[in-house]
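Since the structure comes first, as structure tokens, the remarks are kept for the end.
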Amino acid sequence: MGTFSFKCTNCGKLIGARDEWNGKQSVCPYCGKTVLIVKPVEGGGEAAGPPDQVQEWPGAPVNVRVSSELATKALYYALFSFFCCAFVSPFALLYGFRALEEIKNSEGRLSGRGTAITAIILAIISILAMCGNMVFSIFKLQPQINQLTF
Ligand SMILES: [Zn+2]
């Protein structure tokens with residue numbers, strides 16, 4: 001099996017990788033950011049530097065999973081609906097369920113299932129709390145309404 005080196009798209013450092021890691025995602029050993037391992041095309045402009053600049057990357061965490069952006073978005077909406085305004089909770093539900101579907105279809109490449117489920121639960125609580133508040137307000141107003149009528 002062959003090896004090659006490629007540049008981190010974030011910090012530009014050369015990273016050594018194995019042929020079978022090509023096309024997979026991992027974490028850069030220098031900057032810690034998620035990078036896509038891409039084998040440079042032979043004779044391409046991005047020439048690999050001298051070997052001493054290439055850091056050995058033993059046991060690269062090739063199967064690092066990227067968290068679903070939809071799940072994160074769902075959580076933001078859910079938190080907002082929970083703490084500020086319950087009217088955005090349908091968005092949290094929508095994004096939460098879409099995130100779950102996206103994660104299911106990603107064949108293990110996306111994480112964030114827990115985040116999506118948390119978002120959905122938070123959104124449901126927000127809706128229930130809003131309904132509860134409305135019912136509570138009506139009951140609270142009831143005596144006043146009665147007094148007005150009679
Ligand atoms: Zn890097």
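By order in the structure tokens, chains are A, B, ...; within a chain, residues start at 1; ligands start at 1, following the order shown.
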
Item to check | Selection within 7 Å of ligand 1 by only C-alpha atoms and all ligand atoms, output as a list in words | outcome: Cys8, Thr9, Asn10, Cys11, Gly12, Lys13, Cys28, Pro29, Tyr30, Cys31, Gly32 and Lys33 of chain A

Write a file of the selected residues as a PDB file, in the first residue's frame, keeping C-alpha atoms.
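Listing of result.pdb after writing:
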```pdb
ATOM      1  CA  CYS A   8      -4.321  20.611   5.065  1.00  0.00           C
ATOM      2  CA  THR A   9      -6.974  22.923   3.605  1.00  0.00           C
ATOM      3  CA  ASN A  10      -7.057  24.837   6.881  1.00  0.00           C
ATOM      4  CA  CYS A  11      -3.454  25.348   7.996  1.00  0.00           C
ATOM      5  CA  GLY A  12      -1.579  24.356   4.823  1.00  0.00           C
ATOM      6  CA  LYS A  13       0.769  21.917   6.555  1.00  0.00           C
ATOM      7  CA  CYS A  28      -5.506  17.394  10.904  1.00  0.00           C
ATOM      8  CA  PRO A  29      -2.687  16.484  13.335  1.00  0.00           C
ATOM      9  CA  TYR A  30      -1.478  20.107  13.278  1.00  0.00           C
ATOM     10  CA  CYS A  31      -4.539  22.291  13.630  1.00  0.00           C
ATOM     11  CA  GLY A  32      -7.156  19.792  14.773  1.00  0.00           C
ATOM     12  CA  LYS A  33      -9.663  20.810  12.115  1.00  0.00           C
TER      13      LYS A  33
END
```

For region 117-150 of chain A versus region 80-101 of chain A, which residues have an atom no more than 7 Å away, and what is each residue's nearest atom pair and distance in Å rounded to one decimal, using only C-alpha atoms, chain-then-number order, as CSV?
```
residue,atom,partner,partner_atom,distance
A:Ile117,CA,A:Gly96,CA,6.8
A:Ala119,CA,A:Gly96,CA,6.1
A:Ile120,CA,A:Leu93,CA,5.2
A:Leu122,CA,A:Phe82,CA,6.6
A:Ala123,CA,A:Ser89,CA,4.9
A:Ser126,CA,A:Phe82,CA,5.1
A:Ile127,CA,A:Ala86,CA,6.2
A:Met130,CA,A:Ala86,CA,6.5
```

Dump N, CA and C atoms for the selected residues as a PDB file, in the first residue's frame?
```pdb
ATOM      1  N   ILE A 117     -32.424  14.732  18.388  1.00  0.00           N
ATOM      2  CA  ILE A 117     -33.488  14.246  19.283  1.00  0.00           C
ATOM      3  C   ILE A 117     -33.718  15.251  20.417  1.00  0.00           C
ATOM      4  N   ALA A 119     -33.242  18.418  20.258  1.00  0.00           N
ATOM      5  CA  ALA A 119     -33.930  19.560  19.658  1.00  0.00           C
ATOM      6  C   ALA A 119     -35.423  19.279  19.532  1.00  0.00           C
ATOM      7  N   ILE A 120     -35.764  18.071  19.087  1.00  0.00           N
ATOM      8  CA  ILE A 120     -37.172  17.711  18.900  1.00  0.00           C
ATOM      9  C   ILE A 120     -37.902  17.716  20.250  1.00  0.00           C
ATOM     10  N   LEU A 122     -37.030  19.313  23.019  1.00  0.00           N
ATOM     11  CA  LEU A 122     -37.120  20.701  23.500  1.00  0.00           C
ATOM     12  C   LEU A 122     -38.247  21.445  22.798  1.00  0.00           C
ATOM     13  N   ALA A 123     -38.358  21.229  21.479  1.00  0.00           N
ATOM     14  CA  ALA A 123     -39.394  21.904  20.703  1.00  0.00           C
ATOM     15  C   ALA A 123     -40.779  21.479  21.171  1.00  0.00           C
ATOM     16  N   SER A 126     -41.534  23.092  24.423  1.00  0.00           N
ATOM     17  CA  SER A 126     -41.878  24.509  24.218  1.00  0.00           C
ATOM     18  C   SER A 126     -43.318  24.671  23.782  1.00  0.00           C
ATOM     19  N   ILE A 127     -43.742  23.784  22.848  1.00  0.00           N
ATOM     20  CA  ILE A 127     -45.123  23.866  22.356  1.00  0.00           C
ATOM     21  C   ILE A 127     -46.092  23.578  23.501  1.00  0.00           C
ATOM     22  N   MET A 130     -46.232  26.435  25.868  1.00  0.00           N
ATOM     23  CA  MET A 130     -46.986  27.546  25.317  1.00  0.00           C
ATOM     24  C   MET A 130     -48.485  27.283  25.457  1.00  0.00           C
TER      25      MET A 130
END
```

Checklist entry - What lies within 10 Å of Leu36 (chain A) using only C-alpha atoms, ignoring chain neighbours under 5 positions off, as JSON, numbers by chain? => result {"A": [6, 7, 8, 9, 21, 22, 23, 24, 25, 26, 27, 28, 62]}

Kindly save the residues from that selection, with N, CA and C atoms included, as a PDB file, in the first residue's frame.
```pdb
ATOM      1  N   PHE A   6      -0.500  15.355   1.505  1.00  0.00           N
ATOM      2  CA  PHE A   6      -1.417  16.375   0.991  1.00  0.00           C
ATOM      3  C   PHE A   6      -1.402  17.555   1.955  1.00  0.00           C
ATOM      4  N   LYS A   7      -1.866  18.687   1.453  1.00  0.00           N
ATOM      5  CA  LYS A   7      -1.890  19.886   2.290  1.00  0.00           C
ATOM      6  C   LYS A   7      -3.216  20.007   3.018  1.00  0.00           C
ATOM      7  N   CYS A   8      -3.105  20.345   4.297  1.00  0.00           N
ATOM      8  CA  CYS A   8      -4.321  20.611   5.065  1.00  0.00           C
ATOM      9  C   CYS A   8      -4.985  21.862   4.479  1.00  0.00           C
ATOM     10  N   THR A   9      -6.277  21.779   4.205  1.00  0.00           N
ATOM     11  CA  THR A   9      -6.974  22.923   3.605  1.00  0.00           C
ATOM     12  C   THR A   9      -7.115  24.076   4.592  1.00  0.00           C
ATOM     13  N   TRP A  21      -6.769   5.922   2.562  1.00  0.00           N
ATOM     14  CA  TRP A  21      -7.478   6.985   3.290  1.00  0.00           C
ATOM     15  C   TRP A  21      -8.020   8.035   2.334  1.00  0.00           C
ATOM     16  N   ASN A  22      -7.631   7.946   1.064  1.00  0.00           N
ATOM     17  CA  ASN A  22      -8.030   8.940   0.072  1.00  0.00           C
ATOM     18  C   ASN A  22      -9.557   9.094   0.028  1.00  0.00           C
ATOM     19  N   GLY A  23     -10.006  10.328   0.099  1.00  0.00           N
ATOM     20  CA  GLY A  23     -11.443  10.603   0.013  1.00  0.00           C
ATOM     21  C   GLY A  23     -12.160  10.533   1.344  1.00  0.00           C
ATOM     22  N   LYS A  24     -11.423  10.159   2.392  1.00  0.00           N
ATOM     23  CA  LYS A  24     -12.071  10.072   3.698  1.00  0.00           C
ATOM     24  C   LYS A  24     -11.812  11.339   4.505  1.00  0.00           C
ATOM     25  N   GLN A  25     -12.579  11.501   5.540  1.00  0.00           N
ATOM     26  CA  GLN A  25     -12.415  12.663   6.388  1.00  0.00           C
ATOM     27  C   GLN A  25     -11.651  12.307   7.646  1.00  0.00           C
ATOM     28  N   SER A  26     -10.833  13.226   8.096  1.00  0.00           N
ATOM     29  CA  SER A  26     -10.103  12.991   9.324  1.00  0.00           C
ATOM     30  C   SER A  26      -9.796  14.318   9.997  1.00  0.00           C
ATOM     31  N   VAL A  27      -9.017  14.232  11.063  1.00  0.00           N
ATOM     32  CA  VAL A  27      -8.658  15.452  11.789  1.00  0.00           C
ATOM     33  C   VAL A  27      -7.186  15.745  11.534  1.00  0.00           C
ATOM     34  N   CYS A  28      -6.885  16.984  11.178  1.00  0.00           N
ATOM     35  CA  CYS A  28      -5.506  17.394  10.904  1.00  0.00           C
ATOM     36  C   CYS A  28      -4.685  17.282  12.191  1.00  0.00           C
ATOM     37  N   VAL A  62      -9.532   7.955  10.719  1.00  0.00           N
ATOM     38  CA  VAL A  62     -10.156   8.092   9.403  1.00  0.00           C
ATOM     39  C   VAL A  62     -11.673   8.159   9.487  1.00  0.00           C
TER      40      VAL A  62
END
```

Next on the checklist: Give me, as a PyMOL selection string, the residues of region 3-150 of chain A that a backbone DSSP run labels strand (DSSP E or B).
Outcome noted: chain A and resi 3-7+14-18+25-27+34-36+55+66-67+110-111

Item to check | Which of chain A fall in helix (DSSP H, G or I), as a ChimeraX atom specification | outcome: /A:19-21,51-53,69-83,86-105,113-149

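Here CA of Lys73 (chain A) is placed at a distance of 17.5 Å from CA of Ile125 (chain A).
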
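Interatomic distance, CA of Glu107 (chain A) against CA of Leu75 (chain A): 22.0 Å.
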
Checklist entry - Which residue, A:Ala116, A:Ala129, A:Ala17, A:Val66, has the smallest gap to Gly2 (chain A) when you use only C-alpha atoms? => result A:Ala17

Item to check | Among the residues A:Glu20, A:Gln142, A:Thr34, A:Pro40, the one that comes closest to Ser5 (chain A) [using only C-alpha atoms] | outcome: A:Pro40

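Pairwise distance (CA of Asn146 (chain A), CA of Asn133 (chain A)) equals 20.0 Å.
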
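For the set A:Leu128, A:Leu70, A:Met134, A:Ile15, the residue with the smallest atom-to-atom gap to Thr115 (chain A) is A:Leu70, counting only C-alpha atoms.
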
Item to check | Shell of 12 Å around Gly108 (chain A), only C-alpha atoms, local chain residues under 2 positions omitted, as an MDAnalysis selection string | outcome: chainID A and resid 63:68 100:106 110:113

Residues just named, written with C-alpha atoms as a JSON list (two decimals), in the first residue's frame:
```json
[["chain", "number", "residue", "atom", "x", "y", "z"],
["A", 63, "ASN", "CA", -13.67, 7.44, 10.53],
["A", 64, "VAL", "CA", -14.14, 10.73, 12.28],
["A", 65, "ARG", "CA", -17.75, 11.64, 11.86],
["A", 66, "VAL", "CA", -18.90, 15.10, 10.98],
["A", 67, "SER", "CA", -21.84, 16.33, 12.94],
["A", 68, "SER", "CA", -24.98, 17.13, 11.01],
["A", 100, "LEU", "CA", -32.51, 12.50, 11.70],
["A", 101, "GLU", "CA", -33.26, 11.50, 8.12],
["A", 102, "GLU", "CA", -29.98, 12.96, 6.87],
["A", 103, "ILE", "CA", -28.04, 11.09, 9.57],
["A", 104, "LYS", "CA", -29.88, 7.86, 8.77],
["A", 105, "ASN", "CA", -29.03, 8.20, 5.08],
["A", 106, "SER", "CA", -25.37, 9.11, 5.67],
["A", 110, "LEU", "CA", -22.82, 12.07, 10.06],
["A", 111, "SER", "CA", -23.27, 12.32, 13.78],
["A", 112, "GLY", "CA", -25.65, 14.48, 15.75],
["A", 113, "ARG", "CA", -28.53, 12.07, 16.31]]
```
